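> Would you mind keeping the following structure in view while I ask a few things?
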Amino acid sequence: MTQAILFRLNPFSLIIAPDEQGEASGSLFWDDGDSIDSIEREEYFYVEYQFSNKALKATVIKNGYRGIATLAYDTIQILGFTSKPSIVLMNGEAIPSNRIQYNSNGKTTLWISVPLFQELTISFEY
């Protein structure tokens with residue numbers, strides 16, 4: 001197997017580094033890695049991330065790549081928190097406290113196992 005194929009089998013880690021206003025945004029484009037016309041054939045996956053008001057929203061814009069079904073988030077790290085959140089909600093459900101780690105340096109790590117194609121809303125309550 002090539003290194004690119006092995007990389008594609010790994011779970012995803014997402015790191016969010018908010019600016020001075022506490023906001024961040026980004027996107028992910030994913031296709032088969034070989035085709036030169038995946039956009040024209042609409043065989044790709046595209047998600048946009050927005051972090052604002054201590055909440056992360058992942059919005060799937062295009063879910064046209066079948067291979068995305070095997071990929072999942074493993075961890076999400078958010079930098080810049082000044083205190084530990086009391087509750088973290090993912091799509092309205094509380095994430096168990098043993099799946100959340102807060103470090104005094106401001107990094108909060110969430111261990112989740114969620115398919116990449118699933119839209120997410122993660123909010124932090126204090």
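As shown in the structure tokens, the chain order sets the letters A, B, ...; within each chain, residues go from 1, and ligands are also counted from 1 in the order they appear.
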Can you pull out the residues contacting region 25-33 of chain A? Cut-off 7 Å, using only C-alpha atoms, and skip same-chain residues under 2 positions away; I want them as a PyMOL selection string.
chain A and resi 35+38+43-51+65
> Convert the current residue selection to file output with N, CA and C atoms, as a PDB file, in the first residue's frame.

ATOM      1  N   SER A  35      -8.492  10.819  -9.422  1.00  0.00           N
ATOM      2  CA  SER A  35      -9.231  11.357 -10.565  1.00  0.00           C
ATOM      3  C   SER A  35      -8.920  12.841 -10.758  1.00  0.00           C
ATOM      4  N   SER A  38     -12.979  14.933 -10.591  1.00  0.00           N
ATOM      5  CA  SER A  38     -13.937  14.635  -9.519  1.00  0.00           C
ATOM      6  C   SER A  38     -14.911  15.793  -9.290  1.00  0.00           C
ATOM      7  N   GLU A  43     -17.991  14.019  -7.643  1.00  0.00           N
ATOM      8  CA  GLU A  43     -17.619  12.873  -6.812  1.00  0.00           C
ATOM      9  C   GLU A  43     -16.576  13.311  -5.790  1.00  0.00           C
ATOM     10  N   TYR A  44     -17.016  14.176  -4.894  1.00  0.00           N
ATOM     11  CA  TYR A  44     -16.137  14.665  -3.845  1.00  0.00           C
ATOM     12  C   TYR A  44     -16.965  14.978  -2.610  1.00  0.00           C
ATOM     13  N   PHE A  45     -16.250  15.181  -1.523  1.00  0.00           N
ATOM     14  CA  PHE A  45     -16.863  15.551  -0.246  1.00  0.00           C
ATOM     15  C   PHE A  45     -16.297  16.903   0.153  1.00  0.00           C
ATOM     16  N   TYR A  46     -17.173  17.793   0.628  1.00  0.00           N
ATOM     17  CA  TYR A  46     -16.733  19.124   1.039  1.00  0.00           C
ATOM     18  C   TYR A  46     -17.523  19.547   2.270  1.00  0.00           C
ATOM     19  N   VAL A  47     -16.809  19.919   3.327  1.00  0.00           N
ATOM     20  CA  VAL A  47     -17.445  20.356   4.567  1.00  0.00           C
ATOM     21  C   VAL A  47     -16.823  21.679   4.996  1.00  0.00           C
ATOM     22  N   GLU A  48     -17.648  22.561   5.546  1.00  0.00           N
ATOM     23  CA  GLU A  48     -17.179  23.831   6.073  1.00  0.00           C
ATOM     24  C   GLU A  48     -17.323  23.826   7.587  1.00  0.00           C
ATOM     25  N   TYR A  49     -16.315  24.395   8.259  1.00  0.00           N
ATOM     26  CA  TYR A  49     -16.298  24.469   9.717  1.00  0.00           C
ATOM     27  C   TYR A  49     -16.362  25.930  10.137  1.00  0.00           C
ATOM     28  N   GLN A  50     -17.173  26.197  11.153  1.00  0.00           N
ATOM     29  CA  GLN A  50     -17.272  27.536  11.712  1.00  0.00           C
ATOM     30  C   GLN A  50     -17.295  27.410  13.227  1.00  0.00           C
ATOM     31  N   PHE A  51     -16.373  28.115  13.888  1.00  0.00           N
ATOM     32  CA  PHE A  51     -16.342  28.145  15.346  1.00  0.00           C
ATOM     33  C   PHE A  51     -16.595  29.575  15.779  1.00  0.00           C
ATOM     34  N   TYR A  65     -18.762  11.782  -2.552  1.00  0.00           N
ATOM     35  CA  TYR A  65     -17.697  10.780  -2.608  1.00  0.00           C
ATOM     36  C   TYR A  65     -18.078   9.602  -1.717  1.00  0.00           C
TER      37      TYR A  65
END
> Write down as a ChimeraX atom specification the residues of chain A whose backbone DSSP state falls under helix (DSSP H, G or I).
/A:3-8,66-70,97-99
> Any chance you can output those residues with N, CA, C and O atoms as a PDB file, in the first residue's frame?

ATOM      1  N   GLN A   3       1.768   5.231   0.833  1.00  0.00           N
ATOM      2  CA  GLN A   3       1.592   6.049   2.028  1.00  0.00           C
ATOM      3  C   GLN A   3       0.279   6.832   1.970  1.00  0.00           C
ATOM      4  O   GLN A   3      -0.394   7.000   2.981  1.00  0.00           O
ATOM      5  N   ALA A   4      -0.105   7.302   0.786  1.00  0.00           N
ATOM      6  CA  ALA A   4      -1.354   8.054   0.651  1.00  0.00           C
ATOM      7  C   ALA A   4      -2.557   7.179   0.985  1.00  0.00           C
ATOM      8  O   ALA A   4      -3.503   7.630   1.637  1.00  0.00           O
ATOM      9  N   ILE A   5      -2.526   5.930   0.557  1.00  0.00           N
ATOM     10  CA  ILE A   5      -3.636   5.012   0.862  1.00  0.00           C
ATOM     11  C   ILE A   5      -3.696   4.755   2.361  1.00  0.00           C
ATOM     12  O   ILE A   5      -4.764   4.778   2.968  1.00  0.00           O
ATOM     13  N   LEU A   6      -2.542   4.532   2.987  1.00  0.00           N
ATOM     14  CA  LEU A   6      -2.524   4.302   4.429  1.00  0.00           C
ATOM     15  C   LEU A   6      -3.025   5.521   5.193  1.00  0.00           C
ATOM     16  O   LEU A   6      -3.773   5.398   6.162  1.00  0.00           O
ATOM     17  N   PHE A   7      -2.636   6.707   4.743  1.00  0.00           N
ATOM     18  CA  PHE A   7      -3.100   7.938   5.389  1.00  0.00           C
ATOM     19  C   PHE A   7      -4.616   8.026   5.343  1.00  0.00           C
ATOM     20  O   PHE A   7      -5.258   8.417   6.305  1.00  0.00           O
ATOM     21  N   ARG A   8      -5.193   7.656   4.230  1.00  0.00           N
ATOM     22  CA  ARG A   8      -6.640   7.757   4.053  1.00  0.00           C
ATOM     23  C   ARG A   8      -7.411   6.781   4.943  1.00  0.00           C
ATOM     24  O   ARG A   8      -8.618   6.913   5.094  1.00  0.00           O
ATOM     25  N   ARG A  66     -18.313   8.457  -2.331  1.00  0.00           N
ATOM     26  CA  ARG A  66     -18.765   7.273  -1.581  1.00  0.00           C
ATOM     27  C   ARG A  66     -17.753   6.816  -0.538  1.00  0.00           C
ATOM     28  O   ARG A  66     -18.122   6.292   0.502  1.00  0.00           O
ATOM     29  N   GLY A  67     -16.462   7.000  -0.798  1.00  0.00           N
ATOM     30  CA  GLY A  67     -15.424   6.552   0.124  1.00  0.00           C
ATOM     31  C   GLY A  67     -15.430   7.265   1.462  1.00  0.00           C
ATOM     32  O   GLY A  67     -14.800   6.812   2.418  1.00  0.00           O
ATOM     33  N   ILE A  68     -16.145   8.365   1.557  1.00  0.00           N
ATOM     34  CA  ILE A  68     -16.185   9.126   2.809  1.00  0.00           C
ATOM     35  C   ILE A  68     -16.890   8.336   3.907  1.00  0.00           C
ATOM     36  O   ILE A  68     -16.661   8.560   5.095  1.00  0.00           O
ATOM     37  N   ALA A  69     -17.711   7.384   3.528  1.00  0.00           N
ATOM     38  CA  ALA A  69     -18.489   6.612   4.508  1.00  0.00           C
ATOM     39  C   ALA A  69     -17.602   5.829   5.471  1.00  0.00           C
ATOM     40  O   ALA A  69     -18.032   5.496   6.574  1.00  0.00           O
ATOM     41  N   THR A  70     -16.366   5.547   5.093  1.00  0.00           N
ATOM     42  CA  THR A  70     -15.473   4.775   5.953  1.00  0.00           C
ATOM     43  C   THR A  70     -14.605   5.658   6.845  1.00  0.00           C
ATOM     44  O   THR A  70     -13.847   5.135   7.662  1.00  0.00           O
ATOM     45  N   SER A  97     -18.054  12.836  30.263  1.00  0.00           N
ATOM     46  CA  SER A  97     -16.900  13.574  30.782  1.00  0.00           C
ATOM     47  C   SER A  97     -15.584  12.815  30.582  1.00  0.00           C
ATOM     48  O   SER A  97     -14.533  13.438  30.470  1.00  0.00           O
ATOM     49  N   ASN A  98     -15.625  11.475  30.517  1.00  0.00           N
ATOM     50  CA  ASN A  98     -14.389  10.719  30.290  1.00  0.00           C
ATOM     51  C   ASN A  98     -13.920  10.805  28.838  1.00  0.00           C
ATOM     52  O   ASN A  98     -12.864  10.269  28.497  1.00  0.00           O
ATOM     53  N   ARG A  99     -14.672  11.479  27.971  1.00  0.00           N
ATOM     54  CA  ARG A  99     -14.294  11.692  26.570  1.00  0.00           C
ATOM     55  C   ARG A  99     -13.857  13.142  26.330  1.00  0.00           C
ATOM     56  O   ARG A  99     -13.707  13.569  25.199  1.00  0.00           O
TER      57      ARG A  99
END
> Mind checking which residues fall within 9 Å of Gln21 (chain A), counting only C-alpha atoms, ignoring those fewer than 3 positions away in the same chain, and posting them as JSON, numbers by chain?
{"A": [18, 24, 52]}
> Work out how far apart CA of Gly64 (chain A) and CA of Arg41 (chain A) are and give it in Å to one decimal.
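CA of Arg41 (chain A) lies 8.9 Å from CA of Gly64 (chain A).
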> Which residues, written as an MDAnalysis selection string, have at least one atom at most 10 Å from Gln77 (chain A), with only C-alpha atoms counted and residues fewer than 6 positions away on the same chain left out?
chainID A and resid 13:17 100:102 107:111
